[in-house]
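Asks: Let me give you the structure first, and then I'll get to my questions.
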Amino acid sequence: RGGTGAAVILGAGCRRFRGAKAARVVSGALIVVAAAWMFLRAVWGSRPERTGTSVSQAASQQVRGKKASAEMFAVSKSDEEWKRQLSQEEFHVLRNKGTERPGTGEYNKFYPNGGYFACRACDNPLYSAKAKFDSGCGWPAFDKTFAGALKTNVDRSFGSVRTEIVCARCGGHLGHVFTGEGFTQTNERHCVNSVSIKFVGGDLPNAPPETKVT
């Protein structure tokens with residue numbers, strides 16, 4: 001009986017050991033799943049509502065939404081029309097939201113005494129020359145814009161949340177705006193691709209007031 005009792009105790013101990021080990025395995029798996037879910041939420045933003053919509057359907061709806069929003073701009077063209085007007089790099093940045101390499105832009109270290117910068121795609125006046133400053137970031141920087149010249153979008157690409165700035169007339173991608181850095185009194189840094197803008201010499205007739213965008 002003593003041997004039988006010892007065997008019972010040993011068997012119970014083995015079961016408890018296996019149970020504890022299994023619990024640790026399950027707990028570890030749950031932690032991994034939770035971490036993966038948090039990562040996906042950060043990259044994709046909020047998940048689609050539970051209405052039976054598949055991921056492909058949600059993506060299709062987003063594409064349709066982008067096309068619909070593009071039609072709201074005063075200047076709206078098809079991709080083929082933009083490709084005929086713009087260079088390959090201009091199309092990549094302005095229409096596909098690309099980014100030129102830092103320190104390579106035409107206007108990175110360009111500081112004129114007068115004039116203004118307009119959208120390269122539609123000639124919409126965006127920034128005065130006096131709004132430009134040296135931030136050392138590798139791209140042209142501006143601290144204010146002509147009122148009504150820009151629109152902003154939430155950009156959740158690359159696992160972060162940024163504020164995209166686009167031309168209010170044609171929707172062309174300009175770059176991003178950052179706040180709280182203390183460079184100037186407006187506390188805004190518009191980080192703009194040179195390829196998205198062009199310099200126009202001389203004063204802008206009936207120039208609108210300049211203002212922050214955030």
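Residue names in the structure tokens use chain letters A, B, ... in the order shown, residue numbers from 1 in each chain, and ligand numbers from 1 in the order shown.
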Report as CSV the residues of region 146-200 of chain A within 8 Å of region 100-123 of chain A, each with its shortest atom pair and distance in Å (one decimal), using only C-alpha atoms, ordered by chain and increasing residue number.
Replies:
residue,atom,partner,partner_atom,distance
A:Cys167,CA,A:Cys119,CA,6.8
A:Arg169,CA,A:Cys122,CA,7.3
A:Cys170,CA,A:Cys122,CA,6.6
A:Gly172,CA,A:Ala121,CA,7.1
A:Asn193,CA,A:Glu100,CA,6.3
A:Ser194,CA,A:Gly105,CA,5.0
A:Val195,CA,A:Gly105,CA,6.9
A:Ser196,CA,A:Arg120,CA,5.4
A:Ile197,CA,A:Arg120,CA,4.5
A:Lys198,CA,A:Arg120,CA,5.4
A:Phe199,CA,A:Phe117,CA,4.5
A:Val200,CA,A:Tyr116,CA,5.4
Asks: Neighbouring residues of Asp155 (chain A) were defined as those with any atom within 10 Å, considering only C-alpha atoms; residues of the same chain fewer than 4 positions away were excluded. Please report them as a PyMOL selection string.
Replies: chain A and resi 45+159-165+176
Asks: For a test of reading the model, state the distance in Å between CA of Glu81 (chain A) and CA of Val154 (chain A), rounded to one decimal.
Replies: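 It comes out at 26.5 Å.
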Asks: Give me, as a list of chain:residue names, all polymer residues having an atom no more than 9 Å from Thr186 (chain A), counting only C-alpha atoms and skipping those fewer than 5 positions away in the same chain.
Replies: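 Listing them by chain and then by number gives A:Asp143, A:Lys144, A:Thr179, A:Thr211, A:Lys212.
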Asks: Go ahead and save the residues from that selection, with all heavy atoms, as a PDB file, in the first residue's frame.
Replies:
ATOM      1  N   ASP A 143       7.217  77.889 -41.960  1.00  0.00           N
ATOM      2  CA  ASP A 143       6.534  77.945 -40.655  1.00  0.00           C
ATOM      3  C   ASP A 143       5.116  78.490 -40.733  1.00  0.00           C
ATOM      4  O   ASP A 143       4.421  78.588 -39.723  1.00  0.00           O
ATOM      5  CB  ASP A 143       7.352  78.753 -39.648  1.00  0.00           C
ATOM      6  CG  ASP A 143       7.422  80.242 -39.972  1.00  0.00           C
ATOM      7  OD1 ASP A 143       7.031  80.645 -41.098  1.00  0.00           O
ATOM      8  OD2 ASP A 143       7.865  81.015 -39.104  1.00  0.00           O
ATOM      9  N   LYS A 144       4.655  78.850 -41.926  1.00  0.00           N
ATOM     10  CA  LYS A 144       3.274  79.313 -42.122  1.00  0.00           C
ATOM     11  C   LYS A 144       2.949  79.233 -43.599  1.00  0.00           C
ATOM     12  O   LYS A 144       3.828  79.102 -44.447  1.00  0.00           O
ATOM     13  CB  LYS A 144       3.071  80.738 -41.587  1.00  0.00           C
ATOM     14  CG  LYS A 144       4.073  81.753 -42.076  1.00  0.00           C
ATOM     15  CD  LYS A 144       3.883  83.085 -41.371  1.00  0.00           C
ATOM     16  CE  LYS A 144       4.995  84.080 -41.701  1.00  0.00           C
ATOM     17  NZ  LYS A 144       6.282  83.647 -41.111  1.00  0.00           N
ATOM     18  N   THR A 179       4.785  69.957 -35.190  1.00  0.00           N
ATOM     19  CA  THR A 179       4.570  71.041 -34.240  1.00  0.00           C
ATOM     20  C   THR A 179       5.371  70.798 -32.962  1.00  0.00           C
ATOM     21  O   THR A 179       5.835  69.689 -32.710  1.00  0.00           O
ATOM     22  CB  THR A 179       3.078  71.166 -33.887  1.00  0.00           C
ATOM     23  OG1 THR A 179       2.639  69.947 -33.268  1.00  0.00           O
ATOM     24  CG2 THR A 179       2.238  71.433 -35.124  1.00  0.00           C
ATOM     25  N   THR A 211      -0.849  82.029 -42.293  1.00  0.00           N
ATOM     26  CA  THR A 211      -1.352  81.488 -41.042  1.00  0.00           C
ATOM     27  C   THR A 211      -0.801  80.087 -40.790  1.00  0.00           C
ATOM     28  O   THR A 211      -0.217  79.469 -41.683  1.00  0.00           O
ATOM     29  CB  THR A 211      -2.902  81.433 -41.098  1.00  0.00           C
ATOM     30  OG1 THR A 211      -3.406  80.938 -39.845  1.00  0.00           O
ATOM     31  CG2 THR A 211      -3.360  80.500 -42.211  1.00  0.00           C
ATOM     32  N   LYS A 212      -1.000  79.613 -39.575  1.00  0.00           N
ATOM     33  CA  LYS A 212      -0.660  78.231 -39.239  1.00  0.00           C
ATOM     34  C   LYS A 212      -1.711  77.310 -39.874  1.00  0.00           C
ATOM     35  O   LYS A 212      -2.813  77.730 -40.213  1.00  0.00           O
ATOM     36  CB  LYS A 212      -0.648  78.047 -37.724  1.00  0.00           C
ATOM     37  CG  LYS A 212       0.397  78.885 -36.995  1.00  0.00           C
ATOM     38  CD  LYS A 212       0.195  78.870 -35.498  1.00  0.00           C
ATOM     39  CE  LYS A 212       0.252  77.457 -34.925  1.00  0.00           C
ATOM     40  NZ  LYS A 212       0.157  77.446 -33.453  1.00  0.00           N
TER      41      LYS A 212
END
Asks: As an NGL selection string, list the residues of region 126-213 of chain A assigned to strand (DSSP E or B) by DSSP on the backbone atoms of this structure.
Replies: :A and (126-128 or 132-133 or 141-142 or 145-146 or 150-155 or 162-167 or 173-179 or 188-192 or 197-200 or 210-211)
Asks: What's the 12 Å shell around Pro209 (chain A), counting only C-alpha atoms, without same-chain residues fewer than 4 positions away, as a ChimeraX atom specification?
Replies: /A:125-128,131,144-149,204-205
Asks: Take the selection from the previous step and output its residues with N, CA, C and O atoms, as a PDB file, in the first residue's frame.
Replies:
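Written file, part09.pdb:
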ATOM      1  N   PRO A 125      -0.597  79.168 -55.171  1.00  0.00           N
ATOM      2  CA  PRO A 125       0.376  79.774 -54.252  1.00  0.00           C
ATOM      3  C   PRO A 125       0.270  79.153 -52.859  1.00  0.00           C
ATOM      4  O   PRO A 125      -0.821  79.070 -52.291  1.00  0.00           O
ATOM      5  N   LEU A 126       1.410  78.725 -52.306  1.00  0.00           N
ATOM      6  CA  LEU A 126       1.415  78.013 -51.028  1.00  0.00           C
ATOM      7  C   LEU A 126       2.135  78.768 -49.922  1.00  0.00           C
ATOM      8  O   LEU A 126       1.616  78.915 -48.820  1.00  0.00           O
ATOM      9  N   TYR A 127       3.362  79.221 -50.203  1.00  0.00           N
ATOM     10  CA  TYR A 127       4.208  79.825 -49.174  1.00  0.00           C
ATOM     11  C   TYR A 127       4.897  81.073 -49.707  1.00  0.00           C
ATOM     12  O   TYR A 127       5.327  81.108 -50.863  1.00  0.00           O
ATOM     13  N   SER A 128       5.048  82.065 -48.843  1.00  0.00           N
ATOM     14  CA  SER A 128       5.884  83.214 -49.195  1.00  0.00           C
ATOM     15  C   SER A 128       7.342  82.863 -48.923  1.00  0.00           C
ATOM     16  O   SER A 128       7.641  81.938 -48.150  1.00  0.00           O
ATOM     17  N   ALA A 131       8.423  82.913 -45.312  1.00  0.00           N
ATOM     18  CA  ALA A 131       7.982  81.825 -44.425  1.00  0.00           C
ATOM     19  C   ALA A 131       8.987  80.683 -44.391  1.00  0.00           C
ATOM     20  O   ALA A 131       8.877  79.786 -43.554  1.00  0.00           O
ATOM     21  N   LYS A 144       4.655  78.850 -41.926  1.00  0.00           N
ATOM     22  CA  LYS A 144       3.274  79.313 -42.122  1.00  0.00           C
ATOM     23  C   LYS A 144       2.949  79.233 -43.599  1.00  0.00           C
ATOM     24  O   LYS A 144       3.828  79.102 -44.447  1.00  0.00           O
ATOM     25  N   THR A 145       1.657  79.306 -43.910  1.00  0.00           N
ATOM     26  CA  THR A 145       1.195  79.160 -45.289  1.00  0.00           C
ATOM     27  C   THR A 145       0.137  80.203 -45.596  1.00  0.00           C
ATOM     28  O   THR A 145      -0.465  80.788 -44.683  1.00  0.00           O
ATOM     29  N   PHE A 146      -0.089  80.443 -46.880  1.00  0.00           N
ATOM     30  CA  PHE A 146      -1.185  81.328 -47.260  1.00  0.00           C
ATOM     31  C   PHE A 146      -2.507  80.686 -46.822  1.00  0.00           C
ATOM     32  O   PHE A 146      -2.717  79.481 -46.993  1.00  0.00           O
ATOM     33  N   ALA A 147      -3.376  81.492 -46.253  1.00  0.00           N
ATOM     34  CA  ALA A 147      -4.646  80.981 -45.723  1.00  0.00           C
ATOM     35  C   ALA A 147      -5.430  80.260 -46.817  1.00  0.00           C
ATOM     36  O   ALA A 147      -5.610  80.778 -47.923  1.00  0.00           O
ATOM     37  N   GLY A 148      -5.875  79.041 -46.508  1.00  0.00           N
ATOM     38  CA  GLY A 148      -6.674  78.251 -47.434  1.00  0.00           C
ATOM     39  C   GLY A 148      -5.894  77.516 -48.497  1.00  0.00           C
ATOM     40  O   GLY A 148      -6.488  76.848 -49.346  1.00  0.00           O
ATOM     41  N   ALA A 149      -4.554  77.612 -48.466  1.00  0.00           N
ATOM     42  CA  ALA A 149      -3.740  76.998 -49.520  1.00  0.00           C
ATOM     43  C   ALA A 149      -3.548  75.500 -49.321  1.00  0.00           C
ATOM     44  O   ALA A 149      -3.289  74.775 -50.284  1.00  0.00           O
ATOM     45  N   LEU A 204       3.259  88.262 -54.865  1.00  0.00           N
ATOM     46  CA  LEU A 204       1.982  87.645 -55.236  1.00  0.00           C
ATOM     47  C   LEU A 204       0.889  88.695 -55.172  1.00  0.00           C
ATOM     48  O   LEU A 204       0.631  89.270 -54.106  1.00  0.00           O
ATOM     49  N   PRO A 205       0.213  88.994 -56.275  1.00  0.00           N
ATOM     50  CA  PRO A 205      -0.865  89.988 -56.245  1.00  0.00           C
ATOM     51  C   PRO A 205      -1.990  89.562 -55.301  1.00  0.00           C
ATOM     52  O   PRO A 205      -2.412  88.406 -55.299  1.00  0.00           O
TER      53      PRO A 205
END
Asks: In Å, rounded to a single decimal, give me how far CA of Cys191 (chain A) is from CA of Gly138 (chain A).
Replies: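 According to the coordinates, CA of Gly138 (chain A) and CA of Cys191 (chain A) are separated by 8.9 Å.
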Asks: Report, in Å to a single decimal, how far apart CA of His173 (chain A) and CA of Arg95 (chain A) are.
Replies: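 So the two atoms, CA of Arg95 (chain A) and CA of His173 (chain A), lie 6.4 Å apart.
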Asks: When DSSP works through the backbone of this structure, what residues of region 65-183 of chain A end up as helix (DSSP H, G or I), shown as a ChimeraX atom specification?
Replies: /A:65-70,79-85,88-94,129-131,157-159
Asks: Generate the output file for the selected residues, C-alpha atoms, as a compact mmCIF listing (two decimals), in the first residue's frame.
Replies:
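Ended up saving to part.txt:
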# COMPACT_ATOMS: atom_id res chain seq x y z
CA GLY A 65 -13.05 56.94 -50.91
CA LYS A 66 -9.75 58.34 -52.17
CA LYS A 67 -11.13 58.69 -55.67
CA ALA A 68 -14.22 60.41 -54.34
CA SER A 69 -12.16 62.83 -52.26
CA ALA A 70 -9.97 63.59 -55.29
CA ASP A 79 -3.42 59.43 -63.38
CA GLU A 80 -2.74 59.32 -67.13
CA GLU A 81 -3.31 63.07 -67.41
CA TRP A 82 -1.00 63.76 -64.47
CA LYS A 83 1.68 61.48 -65.96
CA ARG A 84 1.62 63.48 -69.19
CA GLN A 85 2.04 66.74 -67.26
CA GLN A 88 8.32 60.62 -63.22
CA GLU A 89 9.68 61.93 -59.91
CA GLU A 90 7.04 64.65 -59.67
CA PHE A 91 4.28 62.11 -60.22
CA HIS A 92 5.80 59.76 -57.64
CA VAL A 93 5.85 62.43 -54.95
CA LEU A 94 2.81 64.56 -55.77
CA ALA A 129 9.67 83.36 -49.34
CA LYS A 130 9.74 84.89 -45.86
CA ALA A 131 7.98 81.83 -44.42
CA SER A 157 1.91 54.89 -42.75
CA PHE A 158 5.09 53.23 -41.42
CA GLY A 159 3.54 52.50 -38.02
Asks: Give the answer as one residue: which of A:Thr99, A:Leu150, A:Lys132, A:Arg189 has the shortest atom-to-atom distance to Gly171 (chain A), using only C-alpha atoms?
Replies: A:Leu150
